[in-house]
Amino acid sequence: MVTFAKKAANKILSFVLNNPDTNWLLVLFSLDHLPKELLHRNDWEIREYNDDKTLEENVGYSMVPHIQNLVEIARSKFIEFAETHLEPTDAILDIGCGTVVMLKSLENSGFYLYGIDMNRAFLKIAEKRLPKAHFFKGNYLKDFIAPKKFNLICCFSVLMYVEPSNLKAFFDKIYNDLAPGGYAFFQYHHAMDLLDLLYPDITYVRYSPHKLENAVRDKFNIVKHEQFYNGRKIGWYDSQHYYFPDGTNTRLDTIENTCLLIIQRKESASPAKTQA
């Protein structure tokens, strides 16, 4: 009875706190962190590491073969970009590094590797897997003080947890933490219909590609922005959904519904402007 009452109360609270009408007001008054905290949604800080699951499953990836193939494609794209655009002794920061599913692939690359995550249990695994890397616990936006300027900052399936009211501050911090000419590499779950633009779930935001481009263009050059797996250009949202491969054609929570965003830090001023 108590469990049923808690579930019912949570549903009511979810309806009141987490809907498009309420969420716009929360964003307006910079209170859009409240639903996540009050509903205990997507709180990665308190998740426990499950030894019965794989490294990938612990951080949210499915072990379905098709999904694993998509993860491998993402890993390959990331490695190729890093090795093509960076020097061997450059520094890379992984925001939300988890169990270093992606960062581990660069262990022998010569890059200086750094990671930050909110989950202490995940970081313990990361430290064992990459003993020469440097790891930090905490919220990137609130807690992280960069020990150096990075040549590449990467972020896989984390952007949806950044509240809209913090989006500008998030990109401003990335700008400040990057070396001149440095890059940021994102894989993120994008808006898939008009409703997503109205923030139906503020605890898991599917950002519009158009909105993100507006958020970064003042301080970054957009190197690439496209559907991650087929290269399609997307504007406000992407109506060409992919379904999770379970045969039901109902679930949209698949890594296949993601975009690739690569941006490069602009110089603060051109030589001509500096002279003027």
# chains A, B, ... in the order shown; residues from 1 in each chain; ligands from 1
call {"tool": "select_by_dssp", "arguments": {"residues": "region 63-210 of chain A", "states": "alpha helix (DSSP H)", "output": "JSON, numbers by chain"}}
result
{"A": [65, 66, 67, 68, 69, 70, 71, 72, 73, 74, 75, 76, 77, 78, 79, 80, 81, 82, 83, 84, 85, 120, 121, 122, 123, 124, 125, 126, 127, 128, 129, 140, 141, 142, 143, 167, 168, 169, 170, 171, 172, 173, 174, 175, 176, 177, 209, 210]}
call {"tool": "write_last_selection", "arguments": {"atoms": "C-alpha atoms", "output": "PDB file, in the first residue's frame"}}
result
ATOM      1  CA  PRO A  65      23.945  -6.352 -31.058  1.00  0.00           C
ATOM      2  CA  HIS A  66      22.587  -3.529 -33.239  1.00  0.00           C
ATOM      3  CA  ILE A  67      23.083  -1.004 -30.426  1.00  0.00           C
ATOM      4  CA  GLN A  68      26.579  -2.301 -29.728  1.00  0.00           C
ATOM      5  CA  ASN A  69      27.406  -1.833 -33.406  1.00  0.00           C
ATOM      6  CA  LEU A  70      26.228   1.776 -33.162  1.00  0.00           C
ATOM      7  CA  VAL A  71      28.379   2.316 -30.061  1.00  0.00           C
ATOM      8  CA  GLU A  72      31.371   0.982 -31.960  1.00  0.00           C
ATOM      9  CA  ILE A  73      30.663   3.352 -34.858  1.00  0.00           C
ATOM     10  CA  ALA A  74      30.540   6.276 -32.410  1.00  0.00           C
ATOM     11  CA  ARG A  75      33.803   5.159 -30.836  1.00  0.00           C
ATOM     12  CA  SER A  76      35.477   4.875 -34.240  1.00  0.00           C
ATOM     13  CA  LYS A  77      34.330   8.357 -35.298  1.00  0.00           C
ATOM     14  CA  PHE A  78      35.649   9.815 -32.066  1.00  0.00           C
ATOM     15  CA  ILE A  79      39.027   8.092 -32.375  1.00  0.00           C
ATOM     16  CA  GLU A  80      39.384   9.126 -36.012  1.00  0.00           C
ATOM     17  CA  PHE A  81      38.594  12.749 -35.207  1.00  0.00           C
ATOM     18  CA  ALA A  82      41.032  12.885 -32.287  1.00  0.00           C
ATOM     19  CA  GLU A  83      43.862  11.266 -34.207  1.00  0.00           C
ATOM     20  CA  THR A  84      43.271  13.465 -37.262  1.00  0.00           C
ATOM     21  CA  HIS A  85      42.933  16.840 -35.545  1.00  0.00           C
ATOM     22  CA  ARG A 120      32.126   7.846  -7.586  1.00  0.00           C
ATOM     23  CA  ALA A 121      31.600   4.135  -8.313  1.00  0.00           C
ATOM     24  CA  PHE A 122      32.029   4.706 -12.058  1.00  0.00           C
ATOM     25  CA  LEU A 123      35.185   6.737 -11.439  1.00  0.00           C
ATOM     26  CA  LYS A 124      36.712   3.880  -9.453  1.00  0.00           C
ATOM     27  CA  ILE A 125      36.231   1.647 -12.493  1.00  0.00           C
ATOM     28  CA  ALA A 126      37.634   4.366 -14.751  1.00  0.00           C
ATOM     29  CA  GLU A 127      40.752   4.731 -12.603  1.00  0.00           C
ATOM     30  CA  LYS A 128      41.418   0.996 -12.803  1.00  0.00           C
ATOM     31  CA  ARG A 129      40.927   0.921 -16.567  1.00  0.00           C
ATOM     32  CA  TYR A 140      31.314  19.834 -14.732  1.00  0.00           C
ATOM     33  CA  LEU A 141      29.510  23.162 -14.699  1.00  0.00           C
ATOM     34  CA  LYS A 142      29.474  23.668 -10.925  1.00  0.00           C
ATOM     35  CA  ASP A 143      32.530  21.847  -9.561  1.00  0.00           C
ATOM     36  CA  LEU A 167      23.000  25.854 -21.581  1.00  0.00           C
ATOM     37  CA  LYS A 168      24.783  29.160 -22.252  1.00  0.00           C
ATOM     38  CA  ALA A 169      26.908  28.798 -19.109  1.00  0.00           C
ATOM     39  CA  PHE A 170      27.766  25.238 -20.142  1.00  0.00           C
ATOM     40  CA  PHE A 171      29.108  26.290 -23.538  1.00  0.00           C
ATOM     41  CA  ASP A 172      30.812  29.355 -22.051  1.00  0.00           C
ATOM     42  CA  LYS A 173      32.704  27.083 -19.684  1.00  0.00           C
ATOM     43  CA  ILE A 174      33.714  24.761 -22.503  1.00  0.00           C
ATOM     44  CA  TYR A 175      34.998  27.811 -24.389  1.00  0.00           C
ATOM     45  CA  ASN A 176      37.052  28.878 -21.387  1.00  0.00           C
ATOM     46  CA  ASP A 177      38.411  25.378 -20.783  1.00  0.00           C
ATOM     47  CA  PRO A 209      19.831  21.259 -33.423  1.00  0.00           C
ATOM     48  CA  HIS A 210      18.801  24.755 -34.482  1.00  0.00           C
TER      49      HIS A 210
END
call {"tool": "residues_around", "arguments": {"residues": "Lys36 (chain A)", "least_positions_apart": "5", "cutoff": "9 Å", "atoms": "only C-alpha atoms", "output": "JSON, numbers by chain"}}
result
{"A": [18, 41, 42, 43, 202, 203, 204]}
call {"tool": "residues_around", "arguments": {"residues": "Asn19 (chain A)", "least_positions_apart": "5", "cutoff": "10 Å", "atoms": "only C-alpha atoms", "output": "VMD selection string"}}
result
chain A and resid 14 24 35 198 to 202
call {"tool": "residues_around", "arguments": {"residues": "Phe186 (chain A)", "least_positions_apart": "5", "cutoff": "9 Å", "atoms": "only C-alpha atoms", "output": "list in words"}}
result
Ile153, Cys154, Cys155, Phe156, Ser157, Val158, Leu159, Cys259, Leu260, Leu261, Ile262 and Ile263 of chain A
call {"tool": "residues_around", "arguments": {"residues": "Glu213 (chain A)", "least_positions_apart": "6", "cutoff": "10 Å", "atoms": "only C-alpha atoms", "output": "list in words"}}
result
Phe220, Asn221, Ile222, His225, Gly235, Leu261 and Ile263 of chain A
call {"tool": "write_last_selection", "arguments": {"atoms": "N, CA and C atoms", "output": "tab-separated table (two decimals), in the first residue's frame"}}
result
chain	number	residue	atom	x	y	z
A	220	PHE	N	32.02	29.86	-31.18
A	220	PHE	CA	32.56	28.67	-31.83
A	220	PHE	C	32.25	28.67	-33.32
A	221	ASN	N	33.14	28.08	-34.08
A	221	ASN	CA	32.84	27.72	-35.46
A	221	ASN	C	32.22	26.33	-35.45
A	222	ILE	N	31.16	26.15	-36.22
A	222	ILE	CA	30.52	24.84	-36.30
A	222	ILE	C	31.23	24.04	-37.40
A	225	HIS	N	27.68	19.35	-38.05
A	225	HIS	CA	26.45	19.16	-37.28
A	225	HIS	C	25.47	18.39	-38.15
A	235	GLY	N	17.11	20.52	-38.92
A	235	GLY	CA	16.85	21.90	-38.50
A	235	GLY	C	16.33	21.97	-37.08
A	261	LEU	N	27.71	16.86	-33.14
A	261	LEU	CA	28.03	18.28	-33.18
A	261	LEU	C	29.51	18.45	-32.84
A	263	ILE	N	32.40	21.47	-32.72
A	263	ILE	CA	32.61	22.91	-32.76
A	263	ILE	C	34.07	23.22	-32.43
call {"tool": "closest_residue", "arguments": {"among": "A:Ala179, A:Gly98, A:Phe136, A:Trp236", "to": "Tyr61 (chain A)", "atoms": "only C-alpha atoms"}}
result
A:Gly98
call {"tool": "select_by_dssp", "arguments": {"residues": "region 45-215 of chain A", "states": "strand (DSSP E or B)", "output": "JSON, numbers by chain"}}
result
{"A": [91, 92, 93, 94, 95, 112, 113, 114, 115, 116, 117, 134, 135, 136, 137, 150, 151, 152, 153, 154, 155, 156, 178, 179, 180, 181, 182, 183, 184, 185, 186, 187, 188, 189, 190, 207]}
call {"tool": "atom_distance", "arguments": {"atom1": "CA of Thr99 (chain A)", "atom2": "CA of Gly181 (chain A)"}}
result
28.2 Å
call {"tool": "residues_around", "arguments": {"residues": "Leu197 (chain A)", "least_positions_apart": "4", "cutoff": "10 Å", "atoms": "only C-alpha atoms", "output": "PDB file with C-alpha atoms, in the first residue's frame"}}
result
ATOM      1  CA  PRO A  20       5.420  21.791 -21.230  1.00  0.00           C
ATOM      2  CA  HIS A 190      18.091  15.577 -30.515  1.00  0.00           C
ATOM      3  CA  ALA A 191      14.503  16.813 -30.815  1.00  0.00           C
ATOM      4  CA  MET A 192      12.344  14.439 -32.844  1.00  0.00           C
ATOM      5  CA  ASP A 193       9.026  16.282 -33.012  1.00  0.00           C
ATOM      6  CA  VAL A 205      15.955  17.468 -22.803  1.00  0.00           C
ATOM      7  CA  ARG A 206      16.059  16.572 -26.477  1.00  0.00           C
ATOM      8  CA  TYR A 207      17.568  19.782 -27.789  1.00  0.00           C
ATOM      9  CA  SER A 208      16.741  21.227 -31.162  1.00  0.00           C
ATOM     10  CA  LYS A 211      18.748  25.937 -30.855  1.00  0.00           C
ATOM     11  CA  TRP A 236      14.432  22.360 -35.630  1.00  0.00           C
ATOM     12  CA  TYR A 237      13.704  18.643 -35.188  1.00  0.00           C
TER      13      TYR A 237
END
call {"tool": "atom_distance", "arguments": {"atom1": "CA of Ile46 (chain A)", "atom2": "CA of Thr258 (chain A)"}}
result
25.6 Å
call {"tool": "closest_residue", "arguments": {"among": "A:Ile116, A:Leu17, A:Leu31, A:Met102", "to": "Asn166 (chain A)", "atoms": "only C-alpha atoms"}}
result
A:Leu31
call {"tool": "closest_residue", "arguments": {"among": "A:Val100, A:Leu86, A:Ile255, A:Ala215", "to": "Ser165 (chain A)", "atoms": "only C-alpha atoms"}}
result
A:Ala215
call {"tool": "closest_residue", "arguments": {"among": "A:Glu57, A:Asp94, A:Asp51, A:Glu163", "to": "Phe185 (chain A)", "atoms": "only C-alpha atoms"}}
result
A:Asp94
call {"tool": "closest_residue", "arguments": {"among": "A:His134, A:Arg47, A:Glu56, A:Tyr229", "to": "Asn119 (chain A)", "atoms": "only C-alpha atoms"}}
result
A:Arg47
